[in-house]
file entry-v7.txt (compact mmCIF, C-alpha atoms and all ligand atoms)
# COMPACT_ATOMS: atom_id res chain seq x y z
CA MET D 1084 59.15 87.36 -18.20
CA THR D 1085 61.79 84.68 -18.43
CA THR D 1086 61.49 82.36 -21.39
CA SER D 1087 62.90 78.92 -21.93
CA TRP D 1088 65.37 78.05 -24.70
CA VAL D 1089 63.54 74.70 -25.13
CA GLU D 1090 61.77 74.82 -28.48
CA GLY D 1091 57.97 74.77 -28.27
CA ALA D 1092 57.84 75.37 -24.51
CA THR D 1093 56.95 79.06 -24.51
CA GLY D 1094 53.20 79.58 -24.47
CA SER D 1095 52.47 75.86 -24.16
CA GLY D 1096 50.74 74.21 -21.19
CA PHE D 1097 54.20 73.03 -20.13
CA ASP D 1098 56.03 76.33 -20.10
CA VAL D 1099 58.79 77.12 -17.64
CA ASP D 1100 56.22 78.39 -15.11
CA HIS D 1101 54.81 74.84 -14.74
CA LEU D 1102 57.53 72.13 -14.50
CA PRO D 1103 55.46 69.19 -13.23
CA TYR D 1104 57.20 66.02 -12.05
CA ALA D 1105 56.67 62.39 -13.02
CA VAL D 1106 58.40 59.03 -12.83
CA PHE D 1107 59.36 57.93 -16.33
CA GLU D 1108 61.00 54.88 -17.83
CA ARG D 1109 62.95 54.33 -21.03
CA PRO D 1110 63.38 50.86 -22.52
CA GLY D 1111 66.08 48.92 -20.69
CA GLU D 1112 66.58 51.58 -18.00
CA GLU D 1113 65.44 51.98 -14.42
CA PRO D 1114 62.47 54.29 -13.78
CA ARG D 1115 63.47 57.69 -12.34
CA VAL D 1116 62.25 61.22 -11.73
CA GLY D 1117 61.75 63.66 -14.59
CA ALA D 1118 60.26 67.11 -15.06
CA ARG D 1119 58.33 68.27 -18.07
CA ILE D 1120 59.14 71.21 -20.32
CA GLY D 1121 57.25 71.54 -23.62
CA ASP D 1122 57.06 68.12 -25.22
CA PHE D 1123 60.15 66.85 -23.39
CA VAL D 1124 60.97 65.11 -20.14
CA VAL D 1125 64.08 66.46 -18.46
CA ASP D 1126 66.02 63.42 -17.23
CA LEU D 1127 66.96 65.14 -13.98
CA ALA D 1128 69.49 62.67 -12.53
CA PRO D 1129 72.26 63.14 -15.15
CA VAL D 1130 71.64 66.89 -15.35
CA ALA D 1131 71.92 67.20 -11.56
CA ALA D 1132 75.05 65.03 -11.53
CA GLY D 1133 76.64 67.15 -14.27
CA ASP D 1134 75.86 70.30 -12.29
CA MET D 1135 76.91 68.69 -8.98
CA LEU D 1136 73.56 69.46 -7.38
CA ALA D 1137 73.67 68.34 -3.73
CA VAL D 1138 70.20 66.76 -3.78
CA GLY D 1139 70.63 65.13 -7.22
CA HIS D 1140 70.32 61.60 -5.77
CA LEU D 1141 66.62 62.29 -5.10
CA PHE D 1142 65.98 62.02 -8.85
CA GLU D 1143 67.38 58.50 -9.10
CA ALA D 1144 64.44 57.05 -7.17
CA ALA D 1145 61.57 55.20 -8.83
CA SER D 1146 59.09 57.44 -7.00
CA LEU D 1147 58.75 61.09 -6.04
CA ASN D 1148 58.66 60.19 -2.34
CA PRO D 1149 62.33 61.03 -1.55
CA LEU D 1150 62.01 64.41 -3.28
CA MET D 1151 58.67 65.07 -1.55
CA ALA D 1152 60.14 64.11 1.85
CA GLY D 1153 62.84 66.76 1.35
CA GLY D 1154 60.40 69.46 2.36
CA ARG D 1155 59.63 72.93 1.14
CA PRO D 1156 63.21 74.32 1.14
CA VAL D 1157 64.29 71.45 -1.16
CA TRP D 1158 61.21 71.82 -3.40
CA GLU D 1159 61.89 75.53 -3.81
CA SER D 1160 65.62 75.22 -4.41
CA VAL D 1161 65.16 72.44 -6.98
CA ARG D 1162 62.52 74.47 -8.79
CA GLN D 1163 64.73 77.54 -8.82
CA TRP D 1164 67.70 75.51 -10.07
CA LEU D 1165 65.66 73.86 -12.83
CA THR D 1166 64.09 77.16 -13.92
CA GLY D 1167 67.58 78.64 -14.20
CA MET D 1168 68.87 75.71 -16.25
CA LEU D 1169 65.95 75.87 -18.67
CA THR D 1170 66.09 79.65 -19.19
CA ASP D 1171 69.86 80.23 -19.26
CA GLU D 1172 71.05 79.63 -22.83
CA THR D 1173 74.56 78.84 -21.56
CA GLU D 1174 73.23 75.70 -19.81
CA ARG D 1175 71.82 74.34 -23.04
CA ASP D 1176 74.78 72.08 -23.86
CA LEU D 1177 74.56 70.43 -20.44
CA ILE D 1178 70.81 69.75 -20.54
CA GLU D 1179 70.01 69.09 -24.18
CA PRO D 1180 71.35 65.50 -24.18
CA SER D 1181 68.99 64.77 -21.26
CA LEU D 1182 65.83 66.07 -22.95
CA VAL D 1183 63.76 63.04 -23.91
CA PRO D 1184 60.65 63.37 -26.08
CA VAL D 1185 57.56 62.55 -24.01
CA SER D 1186 56.50 60.11 -26.73
CA ASP D 1187 59.65 58.03 -26.08
CA VAL D 1188 58.98 57.32 -22.40
CA ALA D 1189 56.51 55.32 -20.36
CA LEU D 1190 55.08 57.11 -17.33
CA ARG D 1191 54.76 55.16 -14.09
CA MET D 1192 52.95 55.61 -10.79
CA PRO D 1193 54.41 58.95 -9.64
CA PHE D 1194 54.58 58.31 -5.88
CA GLU D 1195 53.92 55.60 -3.31
CA VAL D 1196 50.55 56.41 -1.81
CA GLY D 1197 50.46 56.46 1.99
CA ASP D 1198 46.93 56.91 3.28
CA TYR D 1199 44.14 57.95 0.95
CA VAL D 1200 41.15 60.08 1.94
CA ASP D 1201 38.30 61.23 -0.27
CA PHE D 1202 36.31 64.32 0.66
CA TYR D 1203 32.93 65.58 -0.57
CA ALA D 1204 33.63 69.30 -0.82
CA SER D 1205 31.35 70.50 -3.64
CA LEU D 1206 28.03 71.96 -2.50
CA ASP D 1207 26.46 71.32 -5.90
CA HIS D 1208 27.65 67.69 -6.02
CA ALA D 1209 26.56 66.92 -2.44
CA SER D 1210 23.18 68.56 -3.08
CA ASN D 1211 22.66 66.70 -6.36
CA VAL D 1212 23.58 63.33 -4.81
CA GLY D 1213 21.32 64.04 -1.84
CA ARG D 1214 18.39 64.72 -4.17
CA ILE D 1215 19.10 61.60 -6.27
CA PHE D 1216 19.77 59.16 -3.37
CA ARG D 1217 17.20 60.59 -0.90
CA PRO D 1218 14.41 62.01 -3.09
CA ASP D 1219 11.88 61.82 -0.23
CA GLN D 1220 13.83 64.36 1.89
CA ASP D 1221 13.23 68.11 1.57
CA GLU D 1222 16.81 69.05 2.50
CA PRO D 1223 19.38 67.38 0.24
CA LEU D 1224 22.33 68.03 2.59
CA LEU D 1225 22.74 66.10 5.85
CA PRO D 1226 23.02 68.28 9.01
CA ASN D 1227 26.82 68.00 9.29
CA TRP D 1228 27.67 69.00 5.73
CA ARG D 1229 28.01 72.77 6.15
CA HIS D 1230 29.93 72.38 9.44
CA LEU D 1231 32.75 70.06 8.40
CA PRO D 1232 34.36 68.73 5.22
CA VAL D 1233 32.79 65.26 5.07
CA GLY D 1234 35.22 62.51 4.01
CA TYR D 1235 36.07 58.81 4.29
CA HIS D 1236 39.26 56.76 4.24
CA GLY D 1237 39.69 55.05 0.87
CA ARG D 1238 41.91 52.23 -0.31
CA ALA D 1239 45.46 53.46 -0.97
CA GLY D 1240 46.55 50.16 -2.52
CA THR D 1241 44.17 50.50 -5.46
CA VAL D 1242 45.23 54.01 -6.49
CA VAL D 1243 46.52 53.39 -10.02
CA PRO D 1244 48.22 55.55 -12.64
CA SER D 1245 46.42 56.95 -15.66
CA GLY D 1246 46.13 54.39 -18.44
CA THR D 1247 45.37 51.44 -16.15
CA ASP D 1248 42.31 49.52 -17.41
CA ILE D 1249 39.31 49.67 -15.10
CA ILE D 1250 37.83 46.21 -14.63
CA ARG D 1251 34.09 46.45 -14.11
CA PRO D 1252 33.58 45.53 -10.45
CA GLN D 1253 31.18 42.88 -9.24
CA GLY D 1254 29.20 43.02 -6.05
CA GLN D 1255 25.84 43.20 -4.33
CA ARG D 1256 23.30 45.50 -5.91
CA LYS D 1257 19.75 46.21 -4.78
CA ALA D 1258 17.48 48.72 -6.44
CA PRO D 1259 14.91 50.34 -4.08
CA ALA D 1260 12.09 48.44 -5.82
CA ASP D 1261 13.79 45.04 -5.34
CA ASP D 1262 13.10 42.89 -2.28
CA LEU D 1263 16.51 41.26 -2.11
CA PRO D 1264 20.02 42.03 -3.35
CA THR D 1265 21.56 40.23 -6.30
CA PHE D 1266 25.22 39.61 -7.18
CA GLY D 1267 26.87 40.53 -10.46
CA PRO D 1268 28.74 43.16 -12.46
CA SER D 1269 27.93 46.76 -11.58
CA MET D 1270 25.35 48.14 -14.00
CA ARG D 1271 25.87 51.73 -12.84
CA LEU D 1272 29.61 52.28 -13.16
CA ASP D 1273 30.53 55.96 -13.02
CA VAL D 1274 33.32 58.52 -12.91
CA GLU D 1275 34.00 61.26 -10.39
CA ALA D 1276 36.15 64.15 -11.64
CA GLU D 1277 38.26 65.26 -8.70
CA LEU D 1278 41.49 66.98 -7.79
CA GLY D 1279 44.04 65.13 -5.64
CA PHE D 1280 46.45 66.74 -3.15
CA VAL D 1281 49.73 65.05 -2.25
CA VAL D 1282 51.40 65.42 1.15
CA GLY D 1283 55.15 66.02 0.88
CA THR D 1284 56.12 66.33 4.53
CA GLY D 1285 53.87 64.78 7.11
CA SER D 1286 52.94 65.54 10.70
CA GLY D 1287 53.44 63.54 13.89
CA LEU D 1288 50.82 61.71 15.90
CA GLY D 1289 48.95 64.16 18.12
CA ASN D 1290 49.80 67.19 15.96
CA ARG D 1291 47.46 69.23 13.81
CA ILE D 1292 48.20 70.95 10.54
CA PRO D 1293 46.53 74.37 10.81
CA THR D 1294 45.24 75.97 7.62
CA GLU D 1295 48.14 78.44 7.53
CA ALA D 1296 50.68 75.56 7.40
CA PHE D 1297 49.11 74.08 4.25
CA ALA D 1298 51.95 75.06 1.90
CA ASP D 1299 54.62 73.65 4.26
CA HIS D 1300 53.13 70.17 3.92
CA VAL D 1301 51.58 69.93 0.47
CA PHE D 1302 53.89 69.07 -2.42
CA GLY D 1303 51.43 69.33 -5.30
CA VAL D 1304 48.26 68.26 -7.07
CA VAL D 1305 47.21 65.47 -9.41
CA GLY D 1306 44.17 64.82 -11.56
CA LEU D 1307 42.03 62.09 -9.99
CA ASN D 1308 39.13 59.90 -11.11
CA ASP D 1309 37.26 58.24 -8.25
CA TRP D 1310 35.58 55.45 -10.24
CA SER D 1311 32.31 54.59 -8.51
CA ALA D 1312 29.85 51.70 -8.78
CA ARG D 1313 26.60 53.47 -7.91
CA ASP D 1314 24.46 50.37 -7.50
CA ILE D 1315 26.96 48.75 -5.12
CA GLN D 1316 27.43 52.09 -3.33
CA ALA D 1317 23.72 52.85 -2.87
CA TRP D 1318 23.10 49.49 -1.17
CA GLU D 1319 26.20 49.34 1.05
CA TYR D 1320 26.86 52.94 2.15
CA VAL D 1321 24.45 53.19 5.11
CA PRO D 1322 25.59 53.73 7.84
CA LEU D 1323 29.40 53.61 7.47
CA GLY D 1324 29.93 55.22 4.08
CA PRO D 1325 31.50 54.11 0.79
CA PHE D 1326 33.28 50.74 0.72
CA LEU D 1327 33.40 48.30 -2.22
CA GLY D 1328 31.57 50.69 -4.53
CA LYS D 1329 34.73 52.82 -4.57
CA SER D 1330 37.71 50.67 -3.55
CA PHE D 1331 38.24 48.74 -6.81
CA ALA D 1332 40.21 51.57 -8.47
CA THR D 1333 41.10 55.27 -8.20
CA SER D 1334 43.11 56.70 -11.10
CA ILE D 1335 45.59 59.57 -10.80
CA SER D 1336 47.59 61.54 -13.35
CA PRO D 1337 51.25 60.60 -13.84
CA TRP D 1338 52.25 64.29 -13.68
CA VAL D 1339 52.28 66.02 -10.30
CA THR D 1340 51.99 69.81 -10.58
CA PRO D 1341 53.97 71.44 -7.77
CA LEU D 1342 51.99 73.73 -5.51
CA ASP D 1343 54.53 76.43 -6.40
CA ALA D 1344 53.32 76.38 -10.02
CA LEU D 1345 49.81 77.31 -8.89
CA ASP D 1346 50.60 80.70 -7.30
CA ALA D 1347 48.53 82.51 -9.95
CA ALA D 1348 45.59 80.11 -9.61
CA TRP D 1349 44.41 80.95 -6.08
CA VAL D 1350 40.94 82.53 -5.87
CA ASP D 1351 38.39 83.26 -3.15
CA LEU D 1352 35.81 80.49 -2.80
CA PRO D 1353 32.09 81.36 -3.06
CA GLY D 1354 31.69 81.62 0.73
CA GLN D 1355 30.54 79.52 3.71
CA ASP D 1356 27.32 79.81 5.68
CA PRO D 1357 27.17 79.23 8.61
CA GLU D 1358 30.67 80.27 9.58
CA PRO D 1359 32.66 77.13 10.38
CA LEU D 1360 34.43 76.54 13.72
CA PRO D 1361 37.66 78.48 14.38
CA TYR D 1362 40.03 75.56 13.59
CA LEU D 1363 38.71 75.71 10.02
CA SER D 1364 39.81 79.36 9.74
CA PRO D 1365 36.55 80.90 8.57
CA GLY D 1366 36.75 83.99 6.42
CA ALA D 1367 39.26 84.13 3.63
CA THR D 1368 38.90 80.63 2.22
CA ARG D 1369 41.02 80.18 -0.87
CA GLY D 1370 40.54 77.67 -3.64
CA LEU D 1371 42.10 77.05 -7.02
CA ASP D 1372 40.90 78.32 -10.38
CA ILE D 1373 41.25 74.97 -12.12
CA GLU D 1374 39.05 74.16 -15.11
CA VAL D 1375 38.18 70.50 -15.64
CA GLU D 1376 36.95 68.65 -18.72
CA VAL D 1377 35.28 65.25 -18.58
CA VAL D 1378 35.87 63.52 -21.92
CA LEU D 1379 33.92 60.38 -22.90
CA ASN D 1380 35.15 58.63 -26.06
CA ASP D 1381 36.80 61.84 -27.34
CA GLU D 1382 33.78 64.07 -26.65
CA VAL D 1383 33.72 66.63 -23.84
CA VAL D 1384 30.55 65.89 -21.83
CA SER D 1385 31.11 68.21 -18.87
CA ARG D 1386 33.18 71.22 -17.82
CA PRO D 1387 33.25 71.59 -14.02
CA SER D 1388 35.23 74.37 -12.36
CA TYR D 1389 37.19 73.72 -9.18
CA SER D 1390 36.78 77.38 -8.18
CA SER D 1391 33.14 76.70 -7.23
CA MET D 1392 34.01 74.29 -4.39
CA TYR D 1393 32.67 74.94 -0.88
CA TRP D 1394 35.50 73.63 1.34
CA SER D 1395 39.07 74.75 0.67
CA PRO D 1396 42.09 72.43 0.37
CA ALA D 1397 43.63 73.95 3.52
CA GLN D 1398 40.41 73.33 5.46
CA MET D 1399 40.36 69.71 4.32
CA LEU D 1400 43.93 69.12 5.57
CA ALA D 1401 43.21 70.94 8.86
CA HIS D 1402 40.12 68.79 9.36
CA LEU D 1403 41.95 65.58 8.42
CA THR D 1404 44.48 66.17 11.22
CA VAL D 1405 42.39 68.00 13.86
CA ASN D 1406 42.01 64.82 15.92
CA GLY D 1407 45.79 64.33 15.99
CA ALA D 1408 45.94 61.77 13.18
CA SER D 1409 49.45 61.76 11.74
CA THR D 1410 50.24 62.24 8.06
CA ARG D 1411 53.22 61.08 6.03
CA THR D 1412 54.96 61.55 2.72
CA GLY D 1413 52.74 60.25 -0.08
CA ASP D 1414 49.43 60.69 1.70
CA LEU D 1415 46.78 61.62 -0.82
CA TRP D 1416 43.45 63.30 -0.38
CA ALA D 1417 40.88 64.01 -3.04
CA SER D 1418 38.51 66.95 -3.21
CA GLY D 1419 35.33 65.03 -3.90
CA THR D 1420 33.51 65.27 -7.20
CA ILE D 1421 33.83 68.71 -8.73
CA SER D 1422 30.39 69.88 -9.86
CA GLY D 1423 29.10 73.36 -10.59
CA PRO D 1424 25.55 74.73 -10.51
CA GLU D 1425 24.84 74.12 -14.21
CA ARG D 1426 24.06 70.79 -15.84
CA HIS D 1427 27.12 71.01 -18.12
CA GLN D 1428 29.30 71.42 -15.02
CA ARG D 1429 28.40 68.12 -13.35
CA GLY D 1430 31.45 65.96 -12.62
CA SER D 1431 29.77 62.54 -12.58
CA PHE D 1432 27.44 60.61 -14.89
CA LEU D 1433 25.14 60.04 -11.89
CA GLU D 1434 24.44 63.77 -11.96
CA LEU D 1435 24.69 64.27 -15.73
CA SER D 1436 21.99 61.60 -16.22
CA TRP D 1437 20.15 62.43 -12.95
CA GLY D 1438 20.37 58.94 -11.54
CA GLY D 1439 20.00 57.39 -15.02
CA LYS D 1440 16.57 59.01 -15.58
CA GLU D 1441 17.66 61.83 -17.89
CA PRO D 1442 20.22 60.47 -20.39
CA PHE D 1443 22.81 62.86 -21.81
CA THR D 1444 24.17 62.79 -25.33
CA ALA D 1445 27.74 61.75 -26.14
CA VAL D 1446 29.14 60.87 -29.55
CA GLY D 1447 25.67 61.04 -31.07
CA ARG D 1448 23.73 58.79 -28.74
CA GLU D 1449 22.04 58.80 -25.36
CA ARG D 1450 24.14 57.72 -22.41
CA THR D 1451 23.72 57.13 -18.68
CA PHE D 1452 26.43 55.01 -17.00
CA LEU D 1453 29.70 53.55 -18.32
CA GLU D 1454 29.72 50.77 -20.90
CA ASP D 1455 32.53 48.28 -21.52
CA GLY D 1456 35.05 49.81 -23.92
CA ASP D 1457 34.33 53.40 -22.88
CA VAL D 1458 37.41 55.59 -22.56
CA VAL D 1459 37.20 58.41 -20.03
CA VAL D 1460 39.80 61.18 -19.89
CA LEU D 1461 39.82 63.97 -17.31
CA ARG D 1462 41.70 67.11 -18.34
CA TYR D 1463 42.69 70.00 -16.10
CA SER D 1464 44.09 73.50 -16.70
CA ALA D 1465 44.98 76.44 -14.46
CA PRO D 1466 46.30 79.98 -14.89
CA GLY D 1467 50.09 80.08 -14.90
CA ALA D 1468 52.40 82.75 -13.53
CA ALA D 1469 53.51 83.68 -17.06
CA GLY D 1470 49.96 84.61 -18.11
CA GLY D 1471 49.07 81.46 -20.07
CA ARG D 1472 47.40 78.29 -18.88
CA LEU D 1473 49.10 75.26 -17.39
CA THR D 1474 48.01 71.85 -18.66
CA LEU D 1475 47.79 69.74 -15.53
CA GLY D 1476 48.20 65.98 -15.66
CA GLU D 1477 45.36 64.18 -17.40
CA VAL D 1478 43.78 60.99 -16.14
CA ALA D 1479 42.65 58.31 -18.58
CA GLY D 1480 41.03 54.91 -18.13
CA THR D 1481 39.26 52.33 -20.30
CA VAL D 1482 36.42 50.23 -18.90
CA VAL D 1483 36.92 46.51 -19.51
CA PRO D 1484 34.40 43.70 -18.86
CA ALA D 1485 33.97 42.18 -15.41
CA ARG D 1486 36.01 39.04 -14.70
CA ASP D 1487 34.33 35.76 -13.80
CA CA D 1501 34.60 60.79 -4.62

call {"tool": "encode", "arguments": {"input": "entry-v7.txt", "output": "structure tokens"}}
result
Amino acid sequence: MTTSWVEGATGSGFDVDHLPYAVFERPGEEPRVGARIGDFVVDLAPVAAGDMLAVGHLFEAASLNPLMAGGRPVWESVRQWLTGMLTDETERDLIEPSLVPVSDVALRMPFEVGDYVDFYASLDHASNVGRIFRPDQDEPLLPNWRHLPVGYHGRAGTVVPSGTDIIRPQGQRKAPADDLPTFGPSMRLDVEAELGFVVGTGSGLGNRIPTEAFADHVFGVVGLNDWSARDIQAWEYVPLGPFLGKSFATSISPWVTPLDALDAAWVDLPGQDPEPLPYLSPGATRGLDIEVEVVLNDEVVSRPSYSSMYWSPAQMLAHLTVNGASTRTGDLWASGTISGPERHQRGSFLELSWGGKEPFTAVGRERTFLEDGDVVVLRYSAPGAAGGRLTLGEVAGTVVPARD
């Protein structure tokens, strides 16, 4: 195994087998692209200039979009170059001046989001929500669910980086027992622990992205919290799906883990019954062995596992484009809430508290939905190629009171 000369990197969640990207900013300087090793950001632009790397200008941008648009050959060559620089002791003098402690930088929005789609790919989550929202039905899943990855187009302009305060949304709410809706701050504000996938190179109008072309188009993954106002959502979602109950904010991690860092994380998904249509490549559906932690005010309240999802990432992208819809650099799609079969694996408070009826305990008291001042952090980890675990980008947000 190759090890890095950067102190503290070996065996950490940011070892040389990870190398996630972000956009960072130092006081008085323009934001630009960096990669993480150990507790440092590699300021890539000066390192690339010093090494006369042909694509070094891509790191001078204030977003990852130019790098992502470069396509798979560029992603692979940059990763190979950077791995070499960080493992070859003779390169140390060139790079060391450009290693900046993570604590000395501010992290920005990592990429400009194109279109944003949110799926609903967890069987356990979809079943739980079906039972909570439609308790009078015997079958919690709607008839389409096992035949296609259900999704909706979300609001790209309100995808925000980790650390952005979440202003409690206002809107129409109507409980089933009420005759008429009322207007006011959401009383059932919630989180959804999800994984986001970022398109690097898009596809033209009229073209599909088959499942086998997944890795040619997908640059990497981010942590994602699909904040959800359940009372607004429950009243508005029939028949066209989520709207204002979701569009006020979606948080993503500042670090984007390249798909290439996840080679050791692929696993077979639990299986699909009935067999989906041929364009969804039934059979060997592969997912990612990513462990998630939902942290409320410094206490872990749930541990969902992404490996239990029903629909695979490649199936979601194939479905997203099967009608010929084009994709472009920066498009983002989310997995849907990651929930497992056990109570402690539920990725939303809606499920953890069973619609608010069965409070869960956090920091010594009973909880249902989010309160003003709550801090939610989503953490993610995956097996790395070097045998340890990668620490994927975390997503944090603090709930602040509704505005008048
Ligand atoms: Ca969602």

call {"tool": "residues_around", "arguments": {"input": "entry-v7.txt", "residues": "Val1446 (chain D)", "least_positions_apart": "5", "cutoff": "12 Å", "atoms": "all atoms listed in the file", "output": "short mmCIF file (atom, residue, chain, number, x, y, z; two decimals) with C-alpha atoms, in the coordinates of the input"}}
result
data_model
loop_
_atom_site.label_atom_id
_atom_site.label_comp_id
_atom_site.auth_asym_id
_atom_site.auth_seq_id
_atom_site.Cartn_x
_atom_site.Cartn_y
_atom_site.Cartn_z
CA VAL D 1378 35.87 63.52 -21.92
CA LEU D 1379 33.92 60.38 -22.90
CA ASN D 1380 35.15 58.63 -26.06
CA ASP D 1381 36.80 61.84 -27.34
CA GLU D 1382 33.78 64.07 -26.65
CA VAL D 1383 33.72 66.63 -23.84
CA VAL D 1384 30.55 65.89 -21.83
CA ASP D 1457 34.33 53.40 -22.88
#

call {"tool": "closest_residue", "arguments": {"input": "entry-v7.txt", "among": "D:Ser1395, D:Gln1428, D:Ser1330, D:Ser1464", "to": "ligand CA 1501 (chain D)", "atoms": "all atoms listed in the file"}}
result
D:Ser1330

call {"tool": "residues_near_ligand", "arguments": {"input": "entry-v7.txt", "ligand": "ligand CA 1501 (chain D)", "cutoff": "8 Å", "atoms": "all atoms listed in the file", "output": "number ranges by chain"}}
result
D: 1201-1203, 1275-1277, 1308-1311, 1329, 1417-1420

call {"tool": "residues_around", "arguments": {"input": "entry-v7.txt", "residues": "Ile1250 (chain D)", "least_positions_apart": "5", "cutoff": "10 Å", "atoms": "all atoms listed in the file", "output": "number ranges by chain"}}
result
D: 1268, 1331-1332, 1455, 1480-1486

call {"tool": "closest_residue", "arguments": {"input": "entry-v7.txt", "among": "D:His1101, D:His1402, D:Arg1313, D:Arg1109", "to": "Val1185 (chain D)", "atoms": "all atoms listed in the file"}}
result
D:Arg1109

call {"tool": "closest_residue", "arguments": {"input": "entry-v7.txt", "among": "D:Tyr1463, D:Trp1318, D:Phe1123, D:Phe1443", "to": "Asp1187 (chain D)", "atoms": "all atoms listed in the file"}}
result
D:Phe1123

call {"tool": "residues_near_point", "arguments": {"input": "entry-v7.txt", "point": "(57.1, 66.6, -23.0)", "cutoff": "8 Å", "atoms": "all atoms listed in the file", "output": "list in words"}}
result
Phe1097, Arg1119, Ile1120, Gly1121, Asp1122, Phe1123, Val1124, Val1183, Pro1184, Val1185 and Ser1186 of chain D

call {"tool": "residues_near_point", "arguments": {"input": "entry-v7.txt", "point": "(31.1, 53.0, -4.1)", "cutoff": "7 Å", "atoms": "only C-alpha atoms", "output": "PyMOL selection string"}}
result
chain D and resi 1311-1313+1315-1316+1325-1329

call {"tool": "residues_around", "arguments": {"input": "entry-v7.txt", "residues": "Arg1115 (chain D)", "least_positions_apart": "4", "cutoff": "8 Å", "atoms": "only C-alpha atoms", "output": "MDAnalysis selection string"}}
result
chainID D and resid 1106:1108 1126 1128 1142:1146

call {"tool": "atom_distance", "arguments": {"input": "entry-v7.txt", "atom1": "CA of Val1196 (chain D)", "atom2": "CA of Ala1105 (chain D)"}}
result
14.1 Å

call {"tool": "atom_distance", "arguments": {"input": "entry-v7.txt", "atom1": "CA of Met1270 (chain D)", "atom2": "CA of Ile1249 (chain D)"}}
result
14.1 Å

call {"tool": "residues_around", "arguments": {"input": "entry-v7.txt", "residues": "region 1469-1477 of chain D", "least_positions_apart": "5", "cutoff": "7 Å", "atoms": "all atoms listed in the file", "output": "VMD selection string"}}
result
chain D and resid 1084 1094 1096 to 1097 1100 to 1101 1305 to 1306 1336 to 1340 1460 to 1464

call {"tool": "write_last_selection", "arguments": {"input": "entry-v7.txt", "atoms": "C-alpha atoms", "output": "mmCIF file, keeping the file's coordinate frame"}}
result
data_model
loop_
_atom_site.group_PDB
_atom_site.id
_atom_site.type_symbol
_atom_site.label_atom_id
_atom_site.label_comp_id
_atom_site.auth_asym_id
_atom_site.auth_seq_id
_atom_site.Cartn_x
_atom_site.Cartn_y
_atom_site.Cartn_z
ATOM 1 C CA MET D 1084 59.150 87.360 -18.200
ATOM 2 C CA GLY D 1094 53.200 79.580 -24.470
ATOM 3 C CA GLY D 1096 50.740 74.210 -21.190
ATOM 4 C CA PHE D 1097 54.200 73.030 -20.130
ATOM 5 C CA ASP D 1100 56.220 78.390 -15.110
ATOM 6 C CA HIS D 1101 54.810 74.840 -14.740
ATOM 7 C CA VAL D 1305 47.210 65.470 -9.410
ATOM 8 C CA GLY D 1306 44.170 64.820 -11.560
ATOM 9 C CA SER D 1336 47.590 61.540 -13.350
ATOM 10 C CA PRO D 1337 51.250 60.600 -13.840
ATOM 11 C CA TRP D 1338 52.250 64.290 -13.680
ATOM 12 C CA VAL D 1339 52.280 66.020 -10.300
ATOM 13 C CA THR D 1340 51.990 69.810 -10.580
ATOM 14 C CA VAL D 1460 39.800 61.180 -19.890
ATOM 15 C CA LEU D 1461 39.820 63.970 -17.310
ATOM 16 C CA ARG D 1462 41.700 67.110 -18.340
ATOM 17 C CA TYR D 1463 42.690 70.000 -16.100
ATOM 18 C CA SER D 1464 44.090 73.500 -16.700
#
